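query.cif, holding mmCIF, C-alpha atoms and all ligand atoms:
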```
data_upload
loop_
_atom_site.group_PDB
_atom_site.id
_atom_site.type_symbol
_atom_site.label_atom_id
_atom_site.label_comp_id
_atom_site.auth_asym_id
_atom_site.auth_seq_id
_atom_site.Cartn_x
_atom_site.Cartn_y
_atom_site.Cartn_z
ATOM 1 C CA MET O 273 109.304 106.080 68.734
ATOM 2 C CA ILE O 274 108.539 103.305 71.253
ATOM 3 C CA PRO O 275 104.997 101.859 71.309
ATOM 4 C CA LEU O 276 102.654 102.820 74.145
ATOM 5 C CA THR O 277 102.617 99.208 75.365
ATOM 6 C CA THR O 278 106.392 99.314 75.894
ATOM 7 C CA LEU O 279 106.081 102.576 77.795
ATOM 8 C CA ARG O 280 103.383 100.993 79.943
ATOM 9 C CA ASP O 281 105.670 98.065 80.807
ATOM 10 C CA ASP O 282 108.499 100.481 81.627
ATOM 11 C CA VAL O 283 106.236 102.457 83.983
ATOM 12 C CA LEU O 284 104.995 99.250 85.645
ATOM 13 C CA SER O 285 108.551 98.271 86.533
ATOM 14 C CA CYS O 286 109.671 101.802 87.539
ATOM 15 C CA ARG O 287 111.450 102.143 90.883
ATOM 16 C CA LYS O 288 113.026 105.534 90.183
ATOM 17 C CA CYS O 289 111.909 107.303 93.335
ATOM 18 C CA GLU O 290 110.970 106.852 96.956
ATOM 19 C CA LEU O 291 107.238 106.557 96.153
ATOM 20 C CA SER O 292 107.762 103.095 94.667
ATOM 21 C CA SER O 293 106.105 100.393 96.719
ATOM 22 C CA ARG O 294 106.960 96.762 97.430
ATOM 23 C CA GLU O 295 103.297 95.780 97.423
ATOM 24 C CA ASP O 296 101.916 97.627 94.396
ATOM 25 C CA GLN O 297 103.067 98.622 90.957
ATOM 26 C CA PRO O 298 102.791 102.198 89.599
ATOM 27 C CA VAL O 299 99.588 103.086 87.733
ATOM 28 C CA PRO O 300 100.433 103.771 84.082
ATOM 29 C CA GLY O 301 98.104 105.717 81.831
ATOM 30 C CA CYS O 302 95.528 103.730 79.891
ATOM 31 C CA GLY O 303 93.245 104.225 76.925
ATOM 32 C CA PRO O 304 93.346 104.210 73.128
ATOM 33 C CA ALA O 305 96.777 104.898 71.641
ATOM 34 C CA LYS O 306 95.410 107.724 69.503
ATOM 35 C CA ALA O 307 92.797 109.137 71.886
ATOM 36 C CA ARG O 308 91.606 112.667 71.077
ATOM 37 C CA VAL O 309 91.116 113.518 74.760
ATOM 38 C CA PHE O 310 93.813 113.026 77.397
ATOM 39 C CA LEU O 311 92.541 113.234 81.000
ATOM 40 C CA LEU O 312 95.292 114.132 83.432
ATOM 41 C CA GLY O 313 94.825 113.820 87.196
ATOM 42 C CA GLU O 314 97.342 114.265 89.992
ATOM 43 C CA ARG O 315 98.156 110.837 91.436
ATOM 44 C CA PRO O 316 96.532 107.481 92.238
ATOM 45 C CA SER O 317 94.939 106.652 95.567
ATOM 46 C CA ARG O 318 95.833 103.556 97.551
ATOM 47 C CA ASP O 319 92.869 101.676 96.035
ATOM 48 C CA GLU O 320 93.804 102.712 92.506
ATOM 49 C CA MET O 321 97.336 101.392 93.135
ATOM 50 C CA MET O 322 95.744 98.034 94.008
ATOM 51 C CA LEU O 323 93.437 98.126 90.998
ATOM 52 C CA GLY O 324 96.174 99.379 88.672
ATOM 53 C CA ARG O 325 93.969 101.848 86.791
ATOM 54 C CA PRO O 326 93.337 105.597 87.032
ATOM 55 C CA PHE O 327 90.044 107.173 88.111
ATOM 56 C CA GLU O 328 88.553 104.036 89.676
ATOM 57 C CA GLU O 329 87.394 105.561 92.973
ATOM 58 C CA ARG O 330 84.107 107.334 93.721
ATOM 59 C CA ALA O 331 85.377 110.664 92.414
ATOM 60 C CA GLY O 332 86.557 108.964 89.224
ATOM 61 C CA LEU O 333 83.120 107.431 88.731
ATOM 62 C CA VAL O 334 81.569 110.902 88.968
ATOM 63 C CA LEU O 335 84.092 112.139 86.395
ATOM 64 C CA LYS O 336 83.095 109.313 84.021
ATOM 65 C CA LYS O 337 79.407 110.042 84.490
ATOM 66 C CA LEU O 338 79.822 113.761 83.741
ATOM 67 C CA LEU O 339 81.900 112.932 80.648
ATOM 68 C CA ARG O 340 79.090 110.679 79.434
ATOM 69 C CA MET O 341 76.524 113.430 79.984
ATOM 70 C CA ALA O 342 78.647 115.627 77.698
ATOM 71 C CA GLY O 343 78.703 112.959 74.975
ATOM 72 C CA LEU O 344 82.223 111.719 75.740
ATOM 73 C CA LYS O 345 82.947 108.081 76.644
ATOM 74 C CA HIS O 346 85.767 107.632 79.118
ATOM 75 C CA GLU O 347 86.783 104.474 77.225
ATOM 76 C CA ASP O 348 87.612 106.704 74.240
ATOM 77 C CA CYS O 349 89.843 108.971 76.366
ATOM 78 C CA TYR O 350 93.387 108.314 77.510
ATOM 79 C CA ALA O 351 93.584 108.675 81.304
ATOM 80 C CA SER O 352 96.742 109.223 83.285
ATOM 81 C CA TYR O 353 98.342 110.845 86.311
ATOM 82 C CA LEU O 354 101.130 113.371 86.801
ATOM 83 C CA VAL O 355 102.709 111.013 89.333
ATOM 84 C CA LYS O 356 102.057 107.316 88.933
ATOM 85 C CA CYS O 357 102.454 106.166 92.538
ATOM 86 C CA GLU O 358 100.586 107.068 95.691
ATOM 87 C CA GLY O 359 102.275 109.593 97.983
ATOM 88 C CA GLU O 360 103.441 113.186 98.050
ATOM 89 C CA THR O 361 103.197 114.600 94.547
ATOM 90 C CA GLY O 362 106.222 116.859 95.043
ATOM 91 C CA LYS O 363 108.448 113.905 95.879
ATOM 92 C CA GLY O 364 107.527 111.899 92.791
ATOM 93 C CA LEU O 365 107.109 114.628 90.200
ATOM 94 C CA PRO O 366 110.779 115.422 89.425
ATOM 95 C CA HIS O 367 111.331 111.745 88.522
ATOM 96 C CA CYS O 368 107.904 110.862 87.176
ATOM 97 C CA LYS O 369 107.180 113.678 84.755
ATOM 98 C CA ALA O 370 109.437 112.095 82.114
ATOM 99 C CA TRP O 371 106.836 109.286 81.804
ATOM 100 C CA LEU O 372 104.087 111.854 81.286
ATOM 101 C CA TRP O 373 105.934 113.747 78.541
ATOM 102 C CA GLU O 374 106.487 110.434 76.762
ATOM 103 C CA GLU O 375 102.776 109.515 77.043
ATOM 104 C CA LEU O 376 101.759 112.922 75.686
ATOM 105 C CA ARG O 377 104.183 112.618 72.777
ATOM 106 C CA LEU O 378 102.950 109.120 71.881
ATOM 107 C CA VAL O 379 99.201 109.753 72.236
ATOM 108 C CA SER O 380 99.395 113.254 70.709
ATOM 109 C CA PRO O 381 95.816 114.143 71.743
ATOM 110 C CA ARG O 382 93.724 117.049 70.460
ATOM 111 C CA VAL O 383 92.838 118.182 74.015
ATOM 112 C CA VAL O 384 94.584 117.578 77.337
ATOM 113 C CA VAL O 385 92.152 118.160 80.204
ATOM 114 C CA THR O 386 94.193 118.970 83.301
ATOM 115 C CA LEU O 387 92.114 117.950 86.301
ATOM 116 C CA GLY O 388 93.116 119.989 89.351
ATOM 117 C CA ALA O 389 95.731 122.566 90.298
ATOM 118 C CA ALA O 390 98.881 120.412 90.223
ATOM 119 C CA ALA O 391 98.310 119.075 86.688
ATOM 120 C CA THR O 392 97.252 122.525 85.480
ATOM 121 C CA ARG O 393 100.314 124.311 86.906
ATOM 122 C CA LEU O 394 102.723 121.828 85.354
ATOM 123 C CA LEU O 395 101.197 121.731 81.889
ATOM 124 C CA LEU O 396 100.479 125.445 81.653
ATOM 125 C CA ASN O 397 103.849 126.247 83.199
ATOM 126 C CA LEU O 398 102.272 128.398 85.911
ATOM 127 C CA LYS O 399 103.791 129.574 89.189
ATOM 128 C CA SER O 400 103.017 127.511 92.293
ATOM 129 C CA SER O 401 100.937 130.461 93.552
ATOM 130 C CA ALA O 402 98.714 130.489 90.412
ATOM 131 C CA ARG O 403 95.032 129.914 91.086
ATOM 132 C CA LEU O 404 93.191 127.192 89.183
ATOM 133 C CA GLU O 405 90.014 129.326 89.257
ATOM 134 C CA ASP O 406 91.728 131.925 87.056
ATOM 135 C CA VAL O 407 92.327 129.505 84.171
ATOM 136 C CA ALA O 408 89.674 126.773 84.609
ATOM 137 C CA GLY O 409 87.444 126.520 81.556
ATOM 138 C CA THR O 410 89.924 128.136 79.146
ATOM 139 C CA PHE O 411 91.538 126.477 76.115
ATOM 140 C CA VAL O 412 95.134 127.330 75.223
ATOM 141 C CA GLU O 413 97.501 125.988 72.587
ATOM 142 C CA ALA O 414 100.277 123.858 74.080
ATOM 143 C CA PRO O 415 103.500 125.450 72.764
ATOM 144 C CA TYR O 416 105.405 122.185 73.210
ATOM 145 C CA LEU O 417 102.726 119.964 71.572
ATOM 146 C CA PRO O 418 101.713 121.348 68.166
ATOM 147 C CA GLY O 419 97.990 120.906 67.474
ATOM 148 C CA THR O 420 97.125 120.169 71.107
ATOM 149 C CA LEU O 421 94.937 122.329 73.336
ATOM 150 C CA LEU O 422 95.319 122.463 77.103
ATOM 151 C CA ALA O 423 91.997 122.686 78.919
ATOM 152 C CA PRO O 424 92.252 123.144 82.694
ATOM 153 C CA TRP O 425 89.434 122.062 84.971
ATOM 154 C CA HIS O 426 88.874 120.987 88.572
ATOM 155 C CA SER O 427 89.782 117.628 90.085
ATOM 156 C CA PRO O 428 87.373 114.671 90.267
ATOM 157 C CA VAL O 429 87.337 115.110 94.080
ATOM 158 C CA THR O 430 85.989 118.638 93.572
ATOM 159 C CA MET O 431 83.383 117.268 91.144
ATOM 160 C CA LEU O 432 82.316 114.818 93.836
ATOM 161 C CA SER O 433 82.088 117.372 96.624
ATOM 162 C CA ARG O 434 80.285 120.272 94.928
ATOM 163 C CA GLY O 435 76.615 120.464 94.134
ATOM 164 C CA LYS O 436 74.488 120.212 91.017
ATOM 165 C CA ALA O 437 75.348 123.689 89.712
ATOM 166 C CA PHE O 438 79.012 122.705 89.586
ATOM 167 C CA SER O 439 78.187 119.402 87.872
ATOM 168 C CA ASP O 440 76.210 121.350 85.251
ATOM 169 C CA ARG O 441 79.202 123.654 84.667
ATOM 170 C CA THR O 442 81.456 120.613 84.352
ATOM 171 C CA VAL O 443 79.178 119.017 81.745
ATOM 172 C CA GLU O 444 79.148 122.319 79.837
ATOM 173 C CA PHE O 445 82.939 122.400 79.901
ATOM 174 C CA PHE O 446 83.273 118.752 78.774
ATOM 175 C CA THR O 447 80.840 119.513 75.946
ATOM 176 C CA LYS O 448 83.252 122.242 74.769
ATOM 177 C CA VAL O 449 86.074 119.692 74.958
ATOM 178 C CA ARG O 450 84.054 117.327 72.738
ATOM 179 C CA VAL O 451 83.298 120.088 70.240
ATOM 180 C CA ALA O 452 86.994 121.099 70.137
ATOM 181 C CA CYS O 453 87.853 117.501 69.248
ATOM 182 C CA GLU O 454 85.187 117.259 66.574
ATOM 183 C CA SER O 455 86.069 120.570 64.946
ATOM 184 C CA CYS O 456 89.469 119.577 63.574
HETATM 185 S S1 LIG Q 501 106.284 107.875 91.264
HETATM 186 FE FE1 LIG Q 501 106.878 107.697 89.133
HETATM 187 S S2 LIG Q 501 109.123 107.848 89.120
HETATM 188 FE FE2 LIG Q 501 108.470 107.348 91.236
HETATM 189 S S3 LIG Q 501 108.523 105.094 91.309
HETATM 190 FE FE3 LIG Q 501 106.420 105.697 90.793
HETATM 191 S S4 LIG Q 501 106.391 105.597 88.510
HETATM 192 FE FE4 LIG Q 501 108.557 105.664 89.156
#
```

Encoding of this model in structure tokens:
Amino acid sequence: MIPLTTLRDDVLSCRKCELSSREDQPVPGCGPAKARVFLLGERPSRDEMMLGRPFEERAGLVLKKLLRMAGLKHEDCYASYLVKCEGETGKGLPHCKAWLWEELRLVSPRVVVTLGAAATRLLLNLKSSARLEDVAGTFVEAPYLPGTLLAPWHSPVTMLSRGKAFSDRTVEFFTKVRVACESC
């Protein structure tokens, strides 16, 4: 099994698809190698490509704040994206998902929180017509990752744009994620 640092270097030099950029490198996942919580978003923004880290924009800051309110530190979570370059998710995903499977295998988290519809559909193997609302807040065993739970929730952009009631629901959900990690 290759170390996470090697995988990170491989992602940084990836030019496998048309989303690769001359100016910026892909944004690999980051966080502790044996994190219990794996946060999975859809793809980096332009600014995150420049900064080289996931969840660095306003919506990401809201995500981090709500995690903290639930007793989870984002520094203790592994954070990554389905597609590691800015652009159309559908164009990058067929090439990029191999990096994600490798990250999941290496980190082997207790809970993968899929943030948004695209990440949820891929990890839960749902049809493209499946609605996030129907599965958000549930916890299901990942058949391909023994001992790991998949926990779908909404994207950081949704967290940013909805009101206090939604933030409260998000904190409640993240609290369940924390408890699921502590209980085994
Ligand atoms: S989107 Fe993924 S596969 Fe395409 S260049 Fe970026 S890192 Fe490589």

From the set O:Ala452, O:Cys349, O:Val309, O:Leu339, which residue has the shortest atom-to-atom contact distance to Met431 (chain O), counting all atoms listed in the file? O:Leu339

One number please: CA of Arg382 (chain O) to atom S3 of ligand LIG 501 (chain Q), in Å, one decimal. 28.2 Å

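Across the structure, CA of Thr277 (chain O) and CA of Tyr350 (chain O) are spaced 13.1 Å apart.
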
Output the neighbourhood of ligand LIG 501 (chain Q) as an MDAnalysis selection string, that is, all protein and nucleic acid residues with some atom at most 10 Å from the ligand, counting all atoms listed in the file. chainID O and resid 282:293 296:300 315:316 353:372

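Relative to CA of Leu378 (chain O), CA of Gly419 (chain O) is found at 13.5 Å.
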
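Within 12 Å of Lys345 (chain O), once all atoms listed in the file are used and residues closer than 5 positions along the same chain are dropped, the contacting residues are Gly303, Pro304, Ala307, Arg308, Val309, Phe310, Leu311, Leu335, Lys336, Lys337, Leu338, Leu339, Arg340, Tyr350, Ala351, Phe446, Thr447 and Arg450 of chain O.
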